[in-house]
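Asks: For reference, the file coords_18.txt (compact mmCIF, C-alpha atoms) is included below:
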```
# COMPACT_ATOMS: atom_id res chain seq x y z
CA MET A 1 0.00 0.00 0.00
CA GLU A 2 1.27 3.45 -0.89
CA LEU A 3 0.60 6.27 1.55
CA LYS A 4 0.51 9.88 0.29
CA PRO A 5 0.19 12.74 2.81
CA THR A 6 -2.43 15.40 2.11
CA PRO A 7 -2.07 19.06 3.12
CA LEU A 8 -4.10 18.22 6.27
CA GLU A 9 -1.94 16.62 8.96
CA GLY A 10 -2.84 12.99 9.68
CA CYS A 11 -5.03 12.69 6.58
CA PHE A 12 -3.64 10.40 3.86
CA GLU A 13 -4.46 9.21 0.38
CA LEU A 14 -4.24 5.43 0.24
CA LYS A 15 -3.21 3.69 -2.96
CA PRO A 16 -3.62 -0.07 -2.65
CA VAL A 17 -1.88 -2.64 -4.79
CA THR A 18 -4.07 -4.03 -7.56
CA GLN A 19 -3.39 -7.22 -9.49
CA ILE A 20 -4.88 -7.44 -12.97
CA ASP A 21 -5.17 -10.52 -15.12
CA ASN A 22 -7.49 -12.01 -17.78
CA ARG A 23 -10.25 -12.51 -15.16
CA GLY A 24 -10.32 -8.87 -14.00
CA SER A 25 -8.66 -7.39 -10.97
CA PHE A 26 -8.01 -8.00 -7.29
CA THR A 27 -7.44 -5.09 -4.86
CA LYS A 28 -6.66 -5.40 -1.17
CA ILE A 29 -7.76 -2.21 0.62
CA PHE A 30 -6.89 -3.22 4.16
CA ASN A 31 -4.24 -5.33 5.85
CA ILE A 32 -3.69 -4.76 9.56
CA ASN A 33 0.08 -5.29 9.28
CA ASP A 34 0.41 -2.76 6.45
CA PHE A 35 -1.55 -0.19 8.43
CA LYS A 36 0.51 -0.78 11.56
CA ASP A 37 3.71 -0.42 9.49
CA LEU A 38 2.33 2.91 8.26
CA THR A 39 1.45 3.82 11.91
CA LEU A 40 -2.24 4.23 11.08
CA ASN A 41 -5.03 3.47 13.56
CA THR A 42 -6.63 0.13 12.75
CA SER A 43 -9.22 -0.30 15.47
CA TRP A 44 -12.22 -0.48 13.12
CA VAL A 45 -15.44 -1.19 15.01
CA GLU A 46 -18.09 -0.29 12.44
CA GLU A 47 -18.36 -0.44 8.67
CA TYR A 48 -21.04 0.93 6.38
CA PHE A 49 -21.64 2.22 2.88
CA THR A 50 -23.62 4.89 1.07
CA PHE A 51 -25.19 4.59 -2.34
CA SER A 52 -25.73 7.95 -4.05
CA LYS A 53 -27.24 9.23 -7.25
CA LYS A 54 -25.51 11.83 -9.42
CA ASP A 55 -25.33 15.34 -7.89
CA VAL A 56 -26.00 14.11 -4.34
CA LEU A 57 -23.81 15.95 -1.85
CA ARG A 58 -23.29 14.40 1.59
CA GLY A 59 -21.46 16.35 4.26
CA MET A 60 -19.63 17.81 5.90
CA HIS A 61 -19.82 15.25 8.73
CA LEU A 62 -17.86 14.21 11.80
CA GLN A 63 -18.41 12.70 15.24
CA LEU A 64 -17.65 14.81 18.32
CA PRO A 65 -15.71 13.50 21.34
CA PRO A 66 -15.94 11.08 23.01
CA SER A 67 -17.31 9.35 19.88
CA ASP A 68 -14.84 10.91 17.44
CA HIS A 69 -13.12 8.48 15.12
CA PHE A 70 -10.57 7.65 12.50
CA LYS A 71 -12.22 6.88 9.18
CA MET A 72 -11.16 5.13 5.99
CA VAL A 73 -13.23 5.60 2.80
CA TYR A 74 -13.12 4.02 -0.66
CA CYS A 75 -15.35 4.39 -3.70
CA LEU A 76 -16.28 0.91 -4.90
CA GLU A 77 -18.58 1.98 -7.75
CA GLY A 78 -18.77 5.20 -9.76
CA GLU A 79 -16.87 8.35 -8.85
CA VAL A 80 -17.08 11.03 -6.17
CA LEU A 81 -15.40 14.32 -5.42
CA ASP A 82 -14.29 13.66 -1.85
CA VAL A 83 -13.64 16.65 0.44
CA VAL A 84 -12.13 16.89 3.91
CA LEU A 85 -12.11 19.97 6.15
CA ASP A 86 -9.82 20.53 9.14
CA LEU A 87 -11.85 21.49 12.24
CA ARG A 88 -8.99 21.10 14.73
CA SER A 89 -8.43 24.53 16.32
CA SER A 90 -4.85 23.60 17.28
CA SER A 91 -3.98 22.70 13.68
CA SER A 92 -2.05 25.01 11.37
CA THR A 93 -4.54 24.04 8.65
CA TYR A 94 -7.71 24.80 10.67
CA GLY A 95 -10.50 25.79 8.27
CA LYS A 96 -8.60 24.50 5.24
CA SER A 97 -9.91 21.79 2.95
CA HIS A 98 -8.52 19.19 0.59
CA SER A 99 -10.26 17.36 -2.21
CA LEU A 100 -9.59 14.43 -4.49
CA ASN A 101 -11.55 12.18 -6.80
CA LEU A 102 -12.21 8.69 -5.52
CA SER A 103 -13.45 6.13 -8.01
CA SER A 104 -13.75 2.46 -8.72
CA LYS A 105 -11.19 3.00 -11.48
CA ASN A 106 -8.43 4.81 -9.57
CA LYS A 107 -9.00 2.74 -6.39
CA ILE A 108 -7.64 5.56 -4.20
CA GLY A 109 -8.86 5.65 -0.62
CA LEU A 110 -8.70 8.27 2.08
CA TYR A 111 -7.67 7.92 5.73
CA ILE A 112 -9.22 10.63 7.92
CA PRO A 113 -8.28 11.40 11.55
CA PRO A 114 -10.61 12.79 14.26
CA GLY A 115 -11.39 16.48 13.91
CA ILE A 116 -11.55 16.36 10.12
CA ALA A 117 -15.02 16.73 8.60
CA HIS A 118 -15.79 14.59 5.56
CA GLY A 119 -18.16 14.99 2.65
CA PHE A 120 -18.50 14.15 -1.02
CA LEU A 121 -20.35 14.93 -4.23
CA SER A 122 -21.46 12.01 -6.39
CA LEU A 123 -20.16 12.61 -9.92
CA THR A 124 -21.82 9.58 -11.50
CA GLN A 125 -25.34 8.19 -11.50
CA ASN A 126 -24.43 5.43 -9.08
CA SER A 127 -21.68 5.96 -6.50
CA LEU A 128 -20.98 3.46 -3.77
CA LEU A 129 -18.72 4.65 -0.93
CA THR A 130 -17.61 2.32 1.86
CA TYR A 131 -16.44 3.48 5.29
CA LYS A 132 -14.52 1.85 8.13
CA VAL A 133 -14.60 3.80 11.41
CA SER A 134 -12.99 3.42 14.82
CA SER A 135 -16.07 4.28 16.91
CA VAL A 136 -19.69 3.21 16.84
CA TYR A 137 -22.02 5.88 15.44
CA SER A 138 -23.49 8.07 18.19
CA PRO A 139 -26.45 10.26 17.15
CA GLU A 140 -25.87 12.68 20.04
CA HIS A 141 -22.26 13.23 18.88
CA ASP A 142 -23.14 13.58 15.21
CA SER A 143 -22.08 16.97 13.88
CA GLY A 144 -20.56 18.86 11.00
CA VAL A 145 -20.66 22.08 9.01
CA THR A 146 -22.63 23.12 5.96
CA TRP A 147 -21.17 22.21 2.60
CA ASN A 148 -21.05 25.80 1.34
CA SER A 149 -19.71 27.62 4.43
CA PHE A 150 -15.95 27.08 4.17
CA GLY A 151 -14.96 28.51 0.80
CA PHE A 152 -14.65 25.29 -1.17
CA ASN A 153 -15.45 25.68 -4.88
CA TRP A 154 -17.90 22.81 -5.46
CA PRO A 155 -18.55 22.14 -9.17
CA ILE A 156 -22.32 22.36 -8.65
CA LYS A 157 -24.72 25.16 -7.71
CA GLU A 158 -27.74 23.15 -6.50
CA PRO A 159 -26.81 19.67 -5.26
CA THR A 160 -29.28 17.24 -3.76
CA ILE A 161 -28.80 17.56 0.02
CA SER A 162 -30.54 15.94 2.99
CA ASP A 163 -32.57 17.97 5.48
CA ARG A 164 -30.04 16.97 8.13
CA ASP A 165 -27.11 18.39 6.14
CA GLN A 166 -28.96 21.62 5.40
CA LYS A 167 -29.37 22.17 9.16
CA LEU A 168 -25.67 21.81 10.03
CA GLU A 169 -23.88 24.90 11.34
CA GLU A 170 -21.80 27.17 9.15
CA LEU A 171 -18.06 26.95 9.76
CA GLN A 172 -17.96 30.42 11.35
CA ASN A 173 -20.51 29.29 13.99
CA PHE A 174 -19.03 25.84 14.63
CA ASN A 175 -17.61 25.57 18.17
CA THR A 176 -14.90 22.96 17.70
CA PRO A 177 -13.98 20.64 20.57
CA PHE A 178 -10.85 19.55 18.70
```
Do you think you could lay out the structure here as structure tokens?
Replies:
Amino acid sequence: MELKPTPLEGCFELKPVTQIDNRGSFTKIFNINDFKDLTLNTSWVEEYFTFSKKDVLRGMHLQLPPSDHFKMVYCLEGEVLDVVLDLRSSSSTYGKSHSLNLSSKNKIGLYIPPGIAHGFLSLTQNSLLTYKVSSVYSPEHDSGVTWNSFGFNWPIKEPTISDRDQKLEELQNFNTPF
């Protein structure tokens, strides 16, 4: 597995090894020994996925302490514009974001530490994103900031957004515990 740092400390692009032959391909996205060698948290306790239609925007989400978590995401079908936002007040990149395309073709994943909000825009009709997280989802610790409050230039004016995401706080009003 190749690990590429992003501009946000502790957040990494993950490039797994893929084997291709006449049958198709085989990609290993997680091996506990590889992650330990890379000094990445591997205490996954919950795994889930989202299936999204084109122009669906989900985010920007995170869990607050004590339910904050490390997260690993991969796009298994389609393509998404994946965005992370640093909400750690002690970080030199507080309020800064980073984006990359995740797709079933490029097989790139993203490793996200606590205090980094995560969201994505589905670029294809059917996008399937899988998540591994290091804490069990806690509704009372569910939080985030609105998708359009932190200066990111999304390539869409009117995405499809959930009621929940529309009610998140703007970055300027978010009281970070990180």
Asks: With distances taken over all atoms listed in the file, which residue among A:His69, A:Asp34, A:Phe150, A:Ile29 lies nearest Lys96 in chain A?
Replies: A:Phe150
Asks: For Glu169 in chain A, which of A:Pro139, A:Gly24, A:Pro5, A:Gly144 is the closest residue, counting all atoms listed in the file?
Replies: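 Answer, going by the shortest atom-to-atom distance: A:Gly144.
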Asks: Between CA of Leu62 in chain A and CA of Glu13 in chain A, what is the distance, to one decimal in Å?
Replies: 18.3 Å
Asks: For Leu85 in chain A, which of A:Val17, A:Leu3, A:Leu100, A:Met60 is the closest residue, counting only C-alpha atoms?
Replies: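 Smallest separation from Leu85 in chain A among the options: A:Met60.
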Asks: How big is the axis-aligned box around the listed atoms of range 63-79 of chain A once 5 Å is added on each side, and where is its centre? Give both in Å to one decimal, as lines of an AutoDock Vina configuration file.
Replies:
```
center_x = -14.7
center_y = 7.9
center_z = 6.6
size_x = 18.2
size_y = 23.9
size_z = 42.8
```
Asks: Between A:Phe70, A:Glu140, A:Ser103, A:Gly115, which one has atoms that come closest to Ser91 in chain A, using all atoms listed in the file?
Replies: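 The closest residue to Ser91 in chain A is A:Gly115.
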Asks: What does the distance between CA of Thr18 in chain A and CA of Lys105 in chain A come to in Å, to one decimal place?
Replies: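 Between these atoms lies a distance of 10.7 Å.
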Asks: For His141 in chain A, which of A:Leu64, A:Cys11, A:Ile161, A:Leu110 is the closest residue, counting only C-alpha atoms?
Replies: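 Result for the nearest residue to His141 in chain A: A:Leu64.
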Asks: Could you name the residues that touch range 76-83 of chain A at 7 Å or less, counting all atoms listed in the file, but leaving out those on the same chain fewer than 5 positions away, as a PDB file with C-alpha atoms, keeping the file's coordinate frame?
Replies:
```
ATOM      1  CA  SER A  97      -9.910  21.790   2.950  1.00  0.00           C
ATOM      2  CA  HIS A  98      -8.520  19.190   0.590  1.00  0.00           C
ATOM      3  CA  SER A  99     -10.260  17.360  -2.210  1.00  0.00           C
ATOM      4  CA  LEU A 100      -9.590  14.430  -4.490  1.00  0.00           C
ATOM      5  CA  ASN A 101     -11.550  12.180  -6.800  1.00  0.00           C
ATOM      6  CA  LEU A 102     -12.210   8.690  -5.520  1.00  0.00           C
ATOM      7  CA  SER A 103     -13.450   6.130  -8.010  1.00  0.00           C
ATOM      8  CA  SER A 104     -13.750   2.460  -8.720  1.00  0.00           C
ATOM      9  CA  HIS A 118     -15.790  14.590   5.560  1.00  0.00           C
ATOM     10  CA  GLY A 119     -18.160  14.990   2.650  1.00  0.00           C
ATOM     11  CA  PHE A 120     -18.500  14.150  -1.020  1.00  0.00           C
ATOM     12  CA  LEU A 121     -20.350  14.930  -4.230  1.00  0.00           C
ATOM     13  CA  SER A 122     -21.460  12.010  -6.390  1.00  0.00           C
ATOM     14  CA  LEU A 123     -20.160  12.610  -9.920  1.00  0.00           C
ATOM     15  CA  THR A 124     -21.820   9.580 -11.500  1.00  0.00           C
ATOM     16  CA  ASN A 126     -24.430   5.430  -9.080  1.00  0.00           C
ATOM     17  CA  SER A 127     -21.680   5.960  -6.500  1.00  0.00           C
ATOM     18  CA  LEU A 128     -20.980   3.460  -3.770  1.00  0.00           C
ATOM     19  CA  LEU A 129     -18.720   4.650  -0.930  1.00  0.00           C
TER      20      LEU A 129
END
```
Asks: For Leu168 in chain A, which of A:Arg58, A:Pro155, A:Phe35, A:Ile108 is the closest residue, counting all atoms listed in the file?
Replies: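 When distances to Leu168 in chain A are compared using all atoms listed in the file, the smallest one comes from A:Arg58.
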Asks: At what distance in Å, to one decimal, does CA of Pro66 in chain A lie from CA of Ser135 in chain A?
Replies: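 So the answer is 9.1 Å.
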Asks: At a cut-off of 6 Å, using only C-alpha atoms, what residues contact Lys71 in chain A? Leave out same-chain residues fewer than 3 positions from it and give the result as a short mmCIF file (atom, residue, chain, number, x, y, z; two decimals) with C-alpha atoms, in the coordinates of the input.
Replies:
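Done, and the output landed in out-v1.cif:
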```cif
data_model
loop_
_atom_site.label_atom_id
_atom_site.label_comp_id
_atom_site.auth_asym_id
_atom_site.auth_seq_id
_atom_site.Cartn_x
_atom_site.Cartn_y
_atom_site.Cartn_z
CA TYR A 111 -7.67 7.92 5.73
CA ILE A 112 -9.22 10.63 7.92
CA LYS A 132 -14.52 1.85 8.13
CA VAL A 133 -14.60 3.80 11.41
#
```
